[in-house]
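Q: Structure file upload_4.txt, compact mmCIF, C-alpha atoms, is pasted below:
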# COMPACT_ATOMS: atom_id res chain seq x y z
CA MET A 25 0.00 0.00 0.00
CA GLU A 26 1.32 3.44 -0.90
CA LEU A 27 2.61 5.55 1.99
CA GLU A 28 0.03 8.29 1.41
CA ASN A 29 -2.74 5.75 2.01
CA ARG A 30 -1.20 4.72 5.32
CA ILE A 31 -1.07 8.16 6.92
CA LEU A 32 -3.29 8.16 10.01
CA TYR A 33 -2.64 11.80 10.94
CA GLU A 34 -0.42 14.66 9.86
CA ASP A 35 0.12 18.28 10.80
CA ASN A 36 3.15 20.59 10.94
CA GLN A 37 4.51 18.88 14.08
CA ILE A 38 3.88 15.14 13.71
CA ILE A 39 3.01 12.42 11.22
CA VAL A 40 1.52 9.04 12.15
CA ILE A 41 1.86 6.07 9.80
CA ASN A 42 0.32 2.59 9.72
CA LYS A 43 3.53 0.56 9.40
CA ASN A 44 3.51 -2.57 7.29
CA ALA A 45 4.78 -5.82 8.82
CA GLY A 46 8.31 -6.45 7.52
CA GLU A 47 9.09 -2.75 7.20
CA LEU A 48 12.10 -1.28 9.00
CA ILE A 49 11.55 1.92 10.97
CA GLN A 50 15.23 2.84 11.03
CA GLY A 51 18.31 1.63 9.16
CA ASP A 52 20.18 -1.48 10.25
CA LYS A 53 22.94 -3.76 8.94
CA THR A 54 20.68 -5.05 6.14
CA GLY A 55 20.81 -1.69 4.40
CA ASP A 56 17.15 -2.03 3.43
CA ILE A 57 15.08 1.06 2.69
CA THR A 58 13.27 2.20 5.81
CA LEU A 59 9.89 3.68 6.66
CA ALA A 60 11.70 6.82 7.84
CA ASP A 61 13.28 7.13 4.38
CA GLY A 62 9.85 6.86 2.78
CA VAL A 63 8.33 9.46 5.09
CA LYS A 64 11.18 11.91 4.42
CA LYS A 65 10.72 11.47 0.68
CA TYR A 66 6.97 12.01 0.99
CA ILE A 67 7.44 15.24 3.02
CA LYS A 68 10.14 16.52 0.67
CA GLU A 69 8.01 15.99 -2.41
CA LYS A 70 4.68 17.13 -0.99
CA TYR A 71 5.99 20.32 0.60
CA LYS A 72 8.72 20.97 -1.99
CA LYS A 73 11.60 21.10 0.51
CA PRO A 74 14.85 21.29 -1.50
CA ASN A 75 17.21 21.49 1.48
CA GLY A 76 16.41 18.27 3.27
CA VAL A 77 13.75 17.18 5.73
CA TYR A 78 13.83 16.91 9.51
CA LEU A 79 12.27 13.71 10.83
CA GLY A 80 12.62 12.53 14.40
CA ILE A 81 12.13 8.86 15.32
CA VAL A 82 10.10 8.82 18.54
CA HIS A 83 9.63 5.08 19.08
CA ARG A 84 10.04 1.83 17.19
CA LEU A 85 8.13 -1.27 16.25
CA ASP A 86 9.88 -4.56 15.59
CA ARG A 87 10.38 -5.24 11.89
CA PRO A 88 7.85 -8.15 11.75
CA THR A 89 5.25 -6.09 13.66
CA SER A 90 2.72 -3.75 12.03
CA GLY A 91 0.70 -0.78 13.24
CA ALA A 92 0.68 2.82 14.38
CA VAL A 93 4.01 4.64 14.64
CA ILE A 94 4.60 8.36 15.13
CA PHE A 95 7.38 10.56 13.76
CA ALA A 96 8.22 14.13 14.78
CA LYS A 97 8.54 16.80 12.09
CA THR A 98 10.30 19.31 14.38
CA SER A 99 12.96 19.02 17.08
CA LYS A 100 10.56 20.56 19.60
CA ALA A 101 7.95 17.89 18.90
CA LEU A 102 10.59 15.14 19.16
CA SER A 103 11.78 16.34 22.56
CA ARG A 104 8.26 16.60 23.96
CA LEU A 105 7.16 13.25 22.58
CA ASN A 106 10.30 11.58 23.91
CA ASP A 107 9.36 12.89 27.35
CA GLN A 108 5.86 11.43 26.98
CA PHE A 109 7.18 7.98 26.10
CA LYS A 110 9.73 8.04 28.92
CA SER A 111 7.13 9.10 31.48
CA ARG A 112 4.53 6.66 30.10
CA VAL A 113 2.11 9.48 29.25
CA ALA A 114 1.95 7.99 25.76
CA LYS A 115 -0.02 4.73 25.75
CA LYS A 116 -0.12 1.83 23.30
CA LYS A 117 -2.54 -1.03 22.74
CA TYR A 118 -1.67 -4.03 20.59
CA TRP A 119 -3.46 -6.94 19.00
CA ALA A 120 -1.71 -10.30 19.32
CA ILE A 121 -2.89 -13.60 17.86
CA VAL A 122 -2.08 -16.74 19.87
CA ASP A 123 -3.28 -20.35 20.08
CA ASP A 124 -6.98 -20.75 20.88
CA SER A 125 -6.17 -22.78 23.99
CA PHE A 126 -5.14 -19.55 25.74
CA PRO A 127 -6.91 -20.07 29.09
CA HIS A 128 -7.63 -16.56 30.39
CA GLU A 129 -10.23 -13.94 29.48
CA LEU A 130 -8.26 -11.10 31.03
CA GLY A 131 -5.37 -10.55 33.37
CA SER A 132 -1.86 -9.18 33.77
CA LEU A 133 1.67 -10.44 33.31
CA ASN A 134 4.56 -9.34 35.49
CA HIS A 135 8.10 -10.46 34.71
CA TRP A 136 11.71 -9.39 35.02
CA MET A 137 13.26 -8.93 31.58
CA THR A 138 16.83 -9.41 30.42
CA ARG A 139 18.14 -8.65 26.94
CA ASN A 140 20.73 -10.42 24.81
CA ASN A 141 21.99 -7.81 22.38
CA ILE A 142 24.05 -10.30 20.38
CA LYS A 143 21.01 -12.47 19.63
CA ASN A 144 18.62 -9.48 19.59
CA LYS A 145 16.35 -11.38 21.94
CA SER A 146 14.87 -10.85 25.40
CA LYS A 147 13.86 -13.26 28.13
CA ALA A 148 11.08 -12.93 30.71
CA HIS A 149 11.93 -14.28 34.18
CA LYS A 150 9.48 -14.99 37.00
CA ASN A 151 11.82 -13.49 39.57
CA GLU A 152 14.36 -10.70 39.57
CA VAL A 153 17.76 -11.64 38.17
CA PRO A 154 20.93 -9.59 37.64
CA LYS A 155 20.54 -6.74 35.14
CA SER A 156 16.81 -7.38 34.75
CA LYS A 157 14.08 -4.75 34.44
CA ILE A 158 10.45 -5.06 35.50
CA ALA A 159 7.96 -5.66 32.67
CA ARG A 160 4.19 -5.36 33.03
CA LEU A 161 1.33 -5.75 30.58
CA HIS A 162 -2.41 -6.33 30.73
CA PHE A 163 -4.34 -8.54 28.34
CA LYS A 164 -7.93 -9.20 27.33
CA ARG A 165 -9.20 -11.95 25.07
CA ILE A 166 -11.33 -10.11 22.51
CA TYR A 167 -11.84 -12.24 19.40
CA GLU A 168 -12.21 -15.90 18.43
CA LEU A 169 -10.64 -17.27 15.26
CA ASP A 170 -10.33 -20.74 13.78
CA ARG A 171 -7.74 -22.43 16.04
CA TYR A 172 -6.53 -19.05 17.31
CA CYS A 173 -7.71 -16.16 19.45
CA MET A 174 -6.84 -12.49 19.54
CA LEU A 175 -5.68 -10.65 22.63
CA GLU A 176 -5.72 -6.93 23.25
CA ILE A 177 -2.49 -6.01 25.03
CA THR A 178 -1.99 -2.82 27.03
CA LEU A 179 1.63 -2.10 27.87
CA GLU A 180 2.52 -0.62 31.23
CA THR A 181 6.26 -0.73 30.49
CA GLY A 182 8.09 -0.66 27.19
CA ARG A 183 10.83 -3.29 27.21
CA HIS A 184 12.59 -4.78 24.19
CA HIS A 185 10.38 -7.49 22.61
CA GLN A 186 8.25 -7.33 25.76
CA ILE A 187 4.95 -8.72 24.44
CA ARG A 188 6.69 -11.42 22.43
CA ALA A 189 8.85 -12.59 25.33
CA GLN A 190 6.16 -12.41 28.02
CA LEU A 191 3.56 -14.35 26.03
CA SER A 192 6.18 -16.92 25.07
CA SER A 193 7.20 -17.35 28.71
CA ILE A 194 3.69 -18.56 29.61
CA GLY A 195 3.59 -20.97 26.68
CA PHE A 196 1.72 -18.86 24.12
CA PRO A 197 4.11 -17.40 21.54
CA ILE A 198 2.57 -15.07 18.98
CA LYS A 199 1.50 -16.78 15.74
CA GLY A 200 4.45 -16.92 13.36
CA ASP A 201 7.05 -15.81 15.92
CA LEU A 202 9.71 -18.50 15.47
CA LYS A 203 12.25 -16.51 17.51
CA TYR A 204 10.02 -16.87 20.57
CA GLY A 205 8.85 -20.44 20.12
CA ALA A 206 6.07 -20.50 17.53
CA LYS A 207 5.85 -23.91 15.82
CA ARG A 208 5.38 -22.51 12.33
CA SER A 209 6.23 -19.34 10.49
CA ASN A 210 3.69 -17.24 8.63
CA LYS A 211 3.89 -17.31 4.85
CA ASP A 212 5.15 -13.73 4.71
CA GLY A 213 7.71 -14.31 7.47
CA ASN A 214 6.11 -11.76 9.79
CA ILE A 215 4.31 -12.22 13.10
CA CYS A 216 0.71 -11.59 14.20
CA LEU A 217 1.41 -8.60 16.41
CA HIS A 218 -0.14 -5.25 15.52
CA ALA A 219 0.06 -1.84 17.22
CA ARG A 220 -3.65 -1.10 17.14
CA LYS A 221 -3.94 2.16 19.11
CA LEU A 222 -1.58 4.96 20.08
CA PHE A 223 -2.52 7.67 22.57
CA ILE A 224 -0.48 10.86 22.95
CA ALA A 225 -0.85 14.46 24.04
CA HIS A 226 -0.17 16.66 21.03
CA PRO A 227 3.31 18.17 21.55
CA VAL A 228 2.06 21.74 20.99
CA THR A 229 -1.69 21.92 21.62
CA LYS A 230 -1.63 19.29 24.44
CA GLU A 231 -4.85 17.80 23.03
CA ILE A 232 -5.16 14.07 23.77
CA LEU A 233 -5.14 12.20 20.49
CA CYS A 234 -5.89 8.55 19.71
CA PHE A 235 -4.69 6.99 16.47
CA ILE A 236 -6.21 3.67 15.35
CA ALA A 237 -4.53 1.44 12.77
CA ASP A 238 -6.15 -1.51 11.00
CA PRO A 239 -3.97 -4.49 10.05
CA MET A 240 -3.70 -5.18 6.35
CA LYS A 241 -6.44 -7.62 5.42
CA LYS A 242 -4.25 -10.52 4.44
CA GLY A 243 -3.45 -13.86 6.03
CA ILE A 244 -5.32 -14.51 9.25
CA TRP A 245 -6.09 -10.80 9.64
CA ARG A 246 -8.68 -11.18 6.85
CA ASN A 247 -10.88 -12.97 9.40
CA VAL A 248 -10.85 -10.12 11.93
CA LEU A 249 -13.79 -7.72 12.09
CA PHE A 250 -12.67 -4.13 12.77
CA ASP A 251 -14.89 -1.94 14.92
Can you give me the file's structure in the form of structure tokens?
A:
Amino acid sequence: MELENRILYEDNQIIVINKNAGELIQGDKTGDITLADGVKKYIKEKYKKPNGVYLGIVHRLDRPTSGAVIFAKTSKALSRLNDQFKSRVAKKKYWAIVDDSFPHELGSLNHWMTRNNIKNKSKAHKNEVPKSKIARLHFKRIYELDRYCMLEITLETGRHHQIRAQLSSIGFPIKGDLKYGAKRSNKDGNICLHARKLFIAHPVTKEILCFIADPMKKGIWRNVLFD
């Protein structure tokens, strides 16, 4: 889908995009073109900016994850949004698809997380261990699918691969997530984790904004009814 069709919101301070699964937010060792590159090109062409474009990366989504992501178009907006994410003023809700045998309707997960930078992987521990950080999320079972169910996840903390590692630690890796124990990959190589909602206070007006992103209707997501 063209970038213009994935813009959820834009003004002179911020732009919010519905990221495709498999898309990089920021450059890495692969050298692949990134979403940030695409957004810069869009802004440059639309607003005829010959001298380059400022674009601040506020937060990230894992490459195989889709959904709402916000970029700052000014340094002032970037600084204020960074403060919101650090202080947890900004809120995120995700959709995650797991095996239908998931036994709970709603609840919370509390773990201590460690990160292996070499393997780019995190682990959720029941108890505190050296160099671990507390990780908390809340879940609600919201949709039934053939052999799977969908959870709505609300993050209380924002650790590396937090949702993926915490769900895996209780025996329910996200569909397609081989890195965290899924039995099979998805055909497109991505995972069934989607950043559904993003709540922020506008960096200038302070208005509370909620951005809602639909997953692309392909694969198992075709069977999900969006409200």
Q: Quick one: residues within 8 Å of Ser192 of chain A, only C-alpha atoms, excluding same-chain residues fewer than 6 positions away - as a list of chain:residue names?
A: A:Ile198, A:Tyr204, A:Gly205
Q: Separation of atom CA of Lys115 of chain A and atom CA of Phe223 of chain A, in Å?
A: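 Separating atom CA of Lys115 of chain A from atom CA of Phe223 of chain A is a distance of 5.0 Å.
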Q: Between atom CA of Lys43 of chain A and atom CA of Thr98 of chain A, measure the distance and give it in Å to one decimal.
A: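 A separation of 20.5 Å between them.
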Q: For Tyr172 of chain A, which of A:Ile244, A:Val153, A:Ile49, A:Ile224 is the closest residue, counting only C-alpha atoms?
A: A:Ile244
Q: Atom CA of Val93 of chain A and atom CA of Leu249 of chain A are how many Å apart?
A: 21.8 Å
Q: Would you please work out which residue, of A:Lys70, A:Thr54, A:Lys199, A:Arg104, is nearest to Asp124 of chain A when using all atoms listed in the file?
A: A:Lys199
Q: Segment 35-53 of chain A, all listed atoms, 5 Å padding on each side: what axis-aligned box centre and edge lengths in Å to one decimal come out, as JSON?
A:
{"center_x": 11.5, "center_y": 7.1, "center_z": 10.6, "size_x": 32.8, "size_y": 37.0, "size_z": 16.9}
Q: List the neighbours of Lys97 of chain A out to 8 Å using all atoms listed in the file; skip same-chain residues closer than 2 positions along the sequence, and give me the result as a list in words.
A: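 Final neighbour list, sorted by chain and number: Asn36, Gln37, Ile38, Ile39, Tyr78, Leu79, Gly80, Phe95, Ser99, Ala101 and Leu102 of chain A.
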Q: Keeping only C-alpha atoms, write the selected residues as a tab-separated table (two decimals), in the coordinates of the input.
A:
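Below you can see out00.tsv, which holds the result:
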chain	number	residue	atom	x	y	z
A	36	ASN	CA	3.15	20.59	10.94
A	37	GLN	CA	4.51	18.88	14.08
A	38	ILE	CA	3.88	15.14	13.71
A	39	ILE	CA	3.01	12.42	11.22
A	78	TYR	CA	13.83	16.91	9.51
A	79	LEU	CA	12.27	13.71	10.83
A	80	GLY	CA	12.62	12.53	14.40
A	95	PHE	CA	7.38	10.56	13.76
A	99	SER	CA	12.96	19.02	17.08
A	101	ALA	CA	7.95	17.89	18.90
A	102	LEU	CA	10.59	15.14	19.16
Q: Which one of A:Asp107, A:Glu26, A:Asp52, A:Glu47 sits closest to Ala225 of chain A if you count only C-alpha atoms?
A: A:Asp107
Q: Measuring between all atoms listed in the file, which one of A:Phe196, A:Phe163, A:Trp119, A:Phe109 shows the shortest distance to Gly131 of chain A?
A: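 Under the stated criterion, the closest residue is A:Phe163.
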Q: Between A:Leu27, A:Val248, A:Asn214, A:Ala237, which residue has the minimum interatomic distance to Lys64 of chain A, considering all atoms listed in the file?
A: A:Leu27
Q: So, with only C-alpha atoms as the atoms that count, which of A:His185, A:Arg165, A:Lys155, A:Lys65 lies closest to Thr138 of chain A?
A: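 Among A:His185, A:Arg165, A:Lys155, A:Lys65, it is A:Lys155 that comes nearest to Thr138 of chain A.
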Q: Using all atoms listed in the file, give me every residue within 7 Å of (8.4, 0.0, 10.7) in file coordinates, as a PyMOL selection string.
A: chain A and resi 43-44+47-49+59+84-87+90
Q: With only C-alpha atoms as the counted atoms, please give the residues lying no more than 9 Å from segment 145-148 of chain A, apart from itself and same-chain residues fewer than 5 positions off, as a ChimeraX atom specification.
A: /A:134-140,156,159,183-186,188-193,203-204
